[in-house]
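Below: one structure, written as C-alpha cells.
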Amino acid sequence: MKFDNAFIPCGFAWSSPFVRWQGALADVSSMDLGVTVTNDALAQRNFDPGRLTQLVMGTTVPQEDSFYAVPWTAARIGAEGITGPHISQACATAVACVASAAASVDNDPDETVLALTTDRTSNGPLMVYPRSRSMGGSPGTENWVLDNFAADPVTGKAMVATAENVAAEAGFTREALDEVALLRYCQYEKSLADDRAFQHRYMQPVRLTDRKGRVTEIDADQGIPPTTAEGLAALKPMAGGVVTMGMQTHPADGTAGALICNEATARELSGGNGIVRLIATGFGRAAAAHMPKAPVLAAERALANAGLTYADIKLVNTHNPFAVNDLWLEKQTGFALDRTNIYGSSLVYGHPQGPTGLRSIAELIEALRLEGGGLGLFTGCAAGDTAAALVIEVFD
C-alpha cells in the first residue's frame with residue numbers, strides 16, 4: 001500500500017518503557033495503561049484530543065472490557081465522539097494500525113487519527129470454550145498467551161523452531177548469532193548514554209495512581225539482563241540447535257502511540273521540528289515454520305510499493321525476536337548490521353506484541369532526525385510466518 005498525504009508530526013510518536021512480563025505492570029490492564037500514557041503524551045504535547053476524528057487501536061491479548069476497546073478508550077482520553085477499528089495482527093499489529101490510519105488520512109485529508117497500541121503479556125487470560133458434546137459437557141480451555149507462544153496451529157511448531165530452521169538452512173553458526181546479540185545490546189546501551197538522552201526523545205513515562213492516591217512512576221525499561229560475550233557463550237541452546245535465550249527476546253508489557261494527519265496539520269503540530277512522511281507498507285509470508293525470513297519479504301514489498309531500493313534507505317529498524325532474523329536480513333539484502341537498530345531493538349528491550357513495532361518506528365524517526373533526516377525502513381516478523389514493513393521519510 002502506498003500513501004500520498006499521510007504524515008506524523010515529529011515528536012508525535014511515543015512509547016512507554018517496556019517492562020518484562022510478571023514485573024511492575026503485571027496487574028495493570030493494558031487498557032488502563034494505554035489510556036494513562038496517551039493522556040500524558042497528548043497533554044505534554046499540548047494537543048487537544050477533541051481534534052481527533054478517528055482512533056485506530058491495536059491489541060493482541062484480551063483484557064477485561066476490551067470488547068469495547070475503541071469507544072471506551074476514546075471516551076477516556078477526551079475524544080468521546082469518535083470511533084474506529086480495533087486491529088489484532090499479532091506482532092504486525094503496529095504496522096497494520098499505522099496503515100489503517102494512513103489510508104484514512106490519504107482518503108480524507110480532514111482526518112486526524114490516533115494510532116494507539118497496547119498489550120500486557122503478563123497474566124494472560126484463560127479462555128473457556130463451551131463444548132456441549134464433550135464428555136460430561138466439559139469445556140475446552142486455552143491460555144491465550146502461553147498456548148499461542150507454544151505452537152503455531154498450522155505447523156505445530158514453536159517459534160524458536162522457526163529460528164532454528166532458518167539458522168540451519170543458512171548455515172548460521174552459534175558464534176555469529178552471539179555476535180549479533182551482543183551488537184544489539186551494545187546499540188541499546190547507546191540509547192542510555194547521557195542520562196538516556198535518546199530515549200527521552202520519544203519515551204513517555206508510566207504514572208500509576210493507586211486507590212490511596214499514591215503515584216508510582218516507571219520511566220525506564222525494566223527487566224533487561226546485562227549481556228556479555230562470556231555470558232552469551234555460556235548459555236545452552238533451547239532446542240538442541242544454536243538458538244539460546246541470549247539471542248531471543250522476552251515477553252513484556254507496554255504501550256505506544258502516534259498521530260497521523262495531513263501535511264499541513266503535521267507542520268502545524270511539529271512547531272518547525274520537521275515531519276515524517278508515511279510512504280508505503282508491505283506484508284509478507286514466508287514458508288511454513290520459517291518466520292525469520294518473513295521480514296525480508298515484507299520489506300521487499302514495502303520498498304517496491306514506495307518505488308525505492310535498499311540503496312535509498314539510510315537506516316533500518318527491525319522487530320527481531322531472534323538474532324537469526326537480523327542475520328538473515330543482512331545475508332539477503334547486504335544492508336549493514338551496524339546500520340540496523342542503531343539504538344536498540346526488541347531483541348533487547350522486550351516484546352509486548354502490539355506496541356513493539358510502534359516503539360521501533362518511534363525510535364527510527366528519532367534516529368533519522370539525529371542524522372539530518374532521510375529515508376528509513378521498519379520491518380518485523382509476526383506469528384504464522386508473516387511480517388509487516390513500513391517505509392518513512394523524515395524531513396524539515
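To be explicit about the labels: the chains of the C-alpha cells are called A, B, and onward in the order shown, and within each one the residues are counted from 1, while ligands get numbers from 1 in the order they are shown.
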
Polymer residues at most 8 Å from Val19 in chain A, only C-alpha atoms, same-chain spacing of 3 or more positions, as number ranges by chain: A: 23-25, 221-223, 252-254, 350

Report as a PDB file with N, CA and C atoms, in the first residue's frame all protein, DNA and RNA residues lying within 10 Å of Pro237 in chain A, evaluated on only C-alpha atoms, omitting residues in the same chain fewer than 5 positions from it.
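Dumped everything to result38.pdb:
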```pdb
ATOM      1  N   GLU A 164      15.462 -21.887  14.427  1.00  0.00           N
ATOM      2  CA  GLU A 164      16.410 -22.983  14.194  1.00  0.00           C
ATOM      3  C   GLU A 164      16.382 -23.427  12.730  1.00  0.00           C
ATOM      4  N   ARG A 174      26.679 -20.604  15.853  1.00  0.00           N
ATOM      5  CA  ARG A 174      26.370 -20.095  17.187  1.00  0.00           C
ATOM      6  C   ARG A 174      27.162 -18.814  17.449  1.00  0.00           C
ATOM      7  N   VAL A 242      21.235 -24.010  17.714  1.00  0.00           N
ATOM      8  CA  VAL A 242      22.167 -22.916  18.002  1.00  0.00           C
ATOM      9  C   VAL A 242      21.517 -21.751  18.730  1.00  0.00           C
ATOM     10  N   VAL A 243      20.198 -21.719  18.832  1.00  0.00           N
ATOM     11  CA  VAL A 243      19.499 -20.576  19.410  1.00  0.00           C
ATOM     12  C   VAL A 243      19.416 -20.716  20.921  1.00  0.00           C
ATOM     13  N   THR A 244      19.903 -19.686  21.640  1.00  0.00           N
ATOM     14  CA  THR A 244      19.855 -19.663  23.101  1.00  0.00           C
ATOM     15  C   THR A 244      18.941 -18.534  23.563  1.00  0.00           C
ATOM     16  N   MET A 245      18.683 -18.498  24.862  1.00  0.00           N
ATOM     17  CA  MET A 245      17.877 -17.415  25.425  1.00  0.00           C
ATOM     18  C   MET A 245      18.563 -16.061  25.243  1.00  0.00           C
ATOM     19  N   GLY A 246      19.875 -16.051  25.114  1.00  0.00           N
ATOM     20  CA  GLY A 246      20.599 -14.796  24.949  1.00  0.00           C
ATOM     21  C   GLY A 246      20.412 -14.148  23.606  1.00  0.00           C
ATOM     22  N   MET A 247      19.925 -14.892  22.636  1.00  0.00           N
ATOM     23  CA  MET A 247      19.685 -14.336  21.297  1.00  0.00           C
ATOM     24  C   MET A 247      18.189 -14.375  20.954  1.00  0.00           C
TER      25      MET A 247
END
```

Which residues of range 68-104 of chain A come within 9 Å of range 33-56 of chain A, and what is each one's closest atom pair and distance in Å (one decimal), counting only C-alpha atoms, sorted by chain and residue number, as CSV?
```
residue,atom,partner,partner_atom,distance
A:Val70,CA,A:Leu55,CA,6.8
A:Pro71,CA,A:Leu55,CA,8.5
A:Thr73,CA,A:Val35,CA,6.5
A:Ala74,CA,A:Leu55,CA,7.0
A:Arg76,CA,A:Val35,CA,6.7
A:Ile77,CA,A:Asn39,CA,5.8
A:Gly78,CA,A:Pro49,CA,5.8
A:Ala79,CA,A:Gly50,CA,5.3
A:Glu80,CA,A:Gly50,CA,8.2
A:Gly81,CA,A:Thr53,CA,8.1
A:Ile82,CA,A:Gln54,CA,5.5
A:Thr83,CA,A:Gln54,CA,5.5
A:Gly84,CA,A:Leu55,CA,5.1
A:Pro85,CA,A:Val56,CA,5.3
A:His86,CA,A:Val56,CA,6.1
A:Ile87,CA,A:Val56,CA,7.4
A:Cys97,CA,A:Val56,CA,6.1
A:Val98,CA,A:Val56,CA,8.1
A:Ser100,CA,A:Val56,CA,7.4
A:Ala101,CA,A:Val56,CA,6.6
A:Ser104,CA,A:Gln54,CA,8.9
```

Those in range 67-164 of chain A with alpha helix (DSSP H) from DSSP, as number ranges by chain: A: 69-76, 93-107, 144-150, 159-164

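Secondary structure by DSSP on the backbone puts the following residues of range 77-239 of chain A in strand (DSSP E): His86, Ile87, Val113, Leu114, Ala115, Leu116, Thr117, Thr118, Asp119, Arg120, Leu126, Met127, Val128, Tyr129, Gly140, Thr141, Glu142, Asn143, Val206, Arg207, Leu208, Thr209, Val215, Thr216, Glu217 and Ile218 of chain A.
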
I need the residues from that last selection saved to file as a PDB file, in the first residue's frame (with N, CA and C atoms), if you can.
```pdb
ATOM      1  N   HIS A  86     -10.587  -1.759  15.627  1.00  0.00           N
ATOM      2  CA  HIS A  86      -9.763  -2.425  16.637  1.00  0.00           C
ATOM      3  C   HIS A  86      -9.043  -3.556  15.916  1.00  0.00           C
ATOM      4  N   ILE A  87      -7.710  -3.460  15.821  1.00  0.00           N
ATOM      5  CA  ILE A  87      -6.927  -4.349  14.973  1.00  0.00           C
ATOM      6  C   ILE A  87      -6.068  -5.284  15.821  1.00  0.00           C
ATOM      7  N   VAL A 113      -5.885  11.138  12.963  1.00  0.00           N
ATOM      8  CA  VAL A 113      -6.104   9.810  13.539  1.00  0.00           C
ATOM      9  C   VAL A 113      -5.036   9.484  14.572  1.00  0.00           C
ATOM     10  N   LEU A 114      -5.477   8.972  15.690  1.00  0.00           N
ATOM     11  CA  LEU A 114      -4.557   8.451  16.697  1.00  0.00           C
ATOM     12  C   LEU A 114      -4.448   6.941  16.533  1.00  0.00           C
ATOM     13  N   ALA A 115      -3.218   6.454  16.331  1.00  0.00           N
ATOM     14  CA  ALA A 115      -2.952   5.011  16.355  1.00  0.00           C
ATOM     15  C   ALA A 115      -2.420   4.680  17.742  1.00  0.00           C
ATOM     16  N   LEU A 116      -3.128   3.862  18.466  1.00  0.00           N
ATOM     17  CA  LEU A 116      -2.773   3.512  19.843  1.00  0.00           C
ATOM     18  C   LEU A 116      -2.654   2.004  19.954  1.00  0.00           C
ATOM     19  N   THR A 117      -1.494   1.533  20.385  1.00  0.00           N
ATOM     20  CA  THR A 117      -1.262   0.100  20.562  1.00  0.00           C
ATOM     21  C   THR A 117      -0.919  -0.163  22.024  1.00  0.00           C
ATOM     22  N   THR A 118      -1.459  -1.228  22.567  1.00  0.00           N
ATOM     23  CA  THR A 118      -1.204  -1.526  23.984  1.00  0.00           C
ATOM     24  C   THR A 118      -1.423  -3.009  24.244  1.00  0.00           C
ATOM     25  N   ASP A 119      -0.558  -3.601  25.064  1.00  0.00           N
ATOM     26  CA  ASP A 119      -0.687  -5.032  25.354  1.00  0.00           C
ATOM     27  C   ASP A 119      -0.032  -5.370  26.681  1.00  0.00           C
ATOM     28  N   ARG A 120      -0.567  -6.416  27.305  1.00  0.00           N
ATOM     29  CA  ARG A 120       0.031  -6.987  28.512  1.00  0.00           C
ATOM     30  C   ARG A 120       0.147  -8.491  28.302  1.00  0.00           C
ATOM     31  N   LEU A 126      -7.271 -16.875  30.719  1.00  0.00           N
ATOM     32  CA  LEU A 126      -7.572 -18.277  30.476  1.00  0.00           C
ATOM     33  C   LEU A 126      -8.951 -18.322  29.828  1.00  0.00           C
ATOM     34  N   MET A 127      -8.992 -18.705  28.559  1.00  0.00           N
ATOM     35  CA  MET A 127     -10.256 -18.745  27.821  1.00  0.00           C
ATOM     36  C   MET A 127     -10.944 -20.095  28.054  1.00  0.00           C
ATOM     37  N   VAL A 128     -12.241 -20.055  28.259  1.00  0.00           N
ATOM     38  CA  VAL A 128     -13.038 -21.265  28.454  1.00  0.00           C
ATOM     39  C   VAL A 128     -14.046 -21.353  27.314  1.00  0.00           C
ATOM     40  N   TYR A 129     -13.966 -22.438  26.545  1.00  0.00           N
ATOM     41  CA  TYR A 129     -14.814 -22.598  25.370  1.00  0.00           C
ATOM     42  C   TYR A 129     -15.844 -23.709  25.610  1.00  0.00           C
ATOM     43  N   GLY A 140     -13.527 -26.732  26.810  1.00  0.00           N
ATOM     44  CA  GLY A 140     -12.127 -26.652  26.413  1.00  0.00           C
ATOM     45  C   GLY A 140     -11.529 -25.370  26.970  1.00  0.00           C
ATOM     46  N   THR A 141     -10.241 -25.350  27.168  1.00  0.00           N
ATOM     47  CA  THR A 141      -9.583 -24.156  27.701  1.00  0.00           C
ATOM     48  C   THR A 141      -8.371 -23.791  26.849  1.00  0.00           C
ATOM     49  N   GLU A 142      -8.018 -22.514  26.905  1.00  0.00           N
ATOM     50  CA  GLU A 142      -6.830 -22.024  26.215  1.00  0.00           C
ATOM     51  C   GLU A 142      -6.218 -20.897  27.038  1.00  0.00           C
ATOM     52  N   ASN A 143      -4.947 -21.054  27.381  1.00  0.00           N
ATOM     53  CA  ASN A 143      -4.223 -19.930  27.950  1.00  0.00           C
ATOM     54  C   ASN A 143      -3.801 -19.054  26.773  1.00  0.00           C
ATOM     55  N   VAL A 206       5.321   6.030  32.561  1.00  0.00           N
ATOM     56  CA  VAL A 206       4.053   5.499  33.065  1.00  0.00           C
ATOM     57  C   VAL A 206       3.859   6.034  34.479  1.00  0.00           C
ATOM     58  N   ARG A 207       2.734   6.696  34.711  1.00  0.00           N
ATOM     59  CA  ARG A 207       2.413   7.196  36.050  1.00  0.00           C
ATOM     60  C   ARG A 207       1.132   6.530  36.514  1.00  0.00           C
ATOM     61  N   LEU A 208       1.253   5.704  37.535  1.00  0.00           N
ATOM     62  CA  LEU A 208       0.117   4.933  38.039  1.00  0.00           C
ATOM     63  C   LEU A 208      -0.295   5.459  39.407  1.00  0.00           C
ATOM     64  N   THR A 209      -1.602   5.653  39.587  1.00  0.00           N
ATOM     65  CA  THR A 209      -2.132   6.132  40.862  1.00  0.00           C
ATOM     66  C   THR A 209      -2.959   5.026  41.498  1.00  0.00           C
ATOM     67  N   VAL A 215       1.259   7.817  43.758  1.00  0.00           N
ATOM     68  CA  VAL A 215       1.684   7.733  42.358  1.00  0.00           C
ATOM     69  C   VAL A 215       2.998   6.960  42.262  1.00  0.00           C
ATOM     70  N   THR A 216       3.015   5.972  41.381  1.00  0.00           N
ATOM     71  CA  THR A 216       4.233   5.242  41.055  1.00  0.00           C
ATOM     72  C   THR A 216       4.618   5.579  39.629  1.00  0.00           C
ATOM     73  N   GLU A 217       5.869   5.944  39.420  1.00  0.00           N
ATOM     74  CA  GLU A 217       6.323   6.295  38.073  1.00  0.00           C
ATOM     75  C   GLU A 217       7.340   5.278  37.575  1.00  0.00           C
ATOM     76  N   ILE A 218       7.126   4.821  36.335  1.00  0.00           N
ATOM     77  CA  ILE A 218       8.081   3.949  35.647  1.00  0.00           C
ATOM     78  C   ILE A 218       8.580   4.735  34.444  1.00  0.00           C
TER      79      ILE A 218
END
```

For the contact check between range 55-123 of chain A and range 353-375 of chain A, emit one row per residue of range 55-123 of chain A within 7 Å, containing the shortest atom pair and the distance in Å rounded to one decimal, counting only C-alpha atoms, chain then rising number order, as CSV.
```
residue,atom,partner,partner_atom,distance
A:Gly58,CA,A:Gly354,CA,6.0
A:Thr59,CA,A:Gly354,CA,5.2
A:Thr60,CA,A:Gly354,CA,6.0
A:Ala90,CA,A:Gln353,CA,6.3
A:Cys91,CA,A:Gln353,CA,5.0
A:Thr93,CA,A:Gly354,CA,5.1
A:Ala94,CA,A:Gly357,CA,5.2
A:Val95,CA,A:Gly357,CA,6.7
A:Thr117,CA,A:Pro355,CA,4.9
A:Thr118,CA,A:Pro355,CA,5.5
A:Asp119,CA,A:Gly354,CA,5.9
```

Export, as a JSON list (two decimals), in the first residue's frame, the selected residues with C-alpha atoms.
```json
[["chain", "number", "residue", "atom", "x", "y", "z"],
["A", 58, "GLY", "CA", -4.20, -2.34, 18.28],
["A", 59, "THR", "CA", -4.07, -5.11, 20.88],
["A", 60, "THR", "CA", -3.37, -8.84, 20.79],
["A", 90, "ALA", "CA", -0.02, -10.49, 16.28],
["A", 91, "CYS", "CA", 3.38, -8.76, 16.11],
["A", 93, "THR", "CA", -0.37, -5.08, 14.72],
["A", 94, "ALA", "CA", 1.50, -1.77, 14.86],
["A", 95, "VAL", "CA", 2.13, -1.55, 11.11],
["A", 117, "THR", "CA", -1.26, 0.10, 20.56],
["A", 118, "THR", "CA", -1.20, -1.53, 23.98],
["A", 119, "ASP", "CA", -0.69, -5.03, 25.35]]
```

Selection near Ala170 in chain A, 10 Å with only C-alpha atoms, sequence-local residues under 5 positions removed, as number ranges by chain: A: 164-165, 324, 327-328, 331

Limited to C-alpha atoms, could you put the picked residues into a file as a PDB file, in the first residue's frame?
```
ATOM      1  CA  GLU A 164      16.410 -22.983  14.194  1.00  0.00           C
ATOM      2  CA  ASN A 165      15.093 -23.900  10.752  1.00  0.00           C
ATOM      3  CA  VAL A 324      18.537 -15.081  13.307  1.00  0.00           C
ATOM      4  CA  LEU A 327      21.491 -12.104  10.231  1.00  0.00           C
ATOM      5  CA  TRP A 328      19.107 -13.379   7.547  1.00  0.00           C
ATOM      6  CA  LYS A 331      22.555 -12.069   4.189  1.00  0.00           C
TER       7      LYS A 331
END
```

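Using only C-alpha atoms, the smallest distance between any of A:Val296, A:Ser15, A:Asp396, A:Ser134 and Gly272 in chain A comes from A:Asp396.
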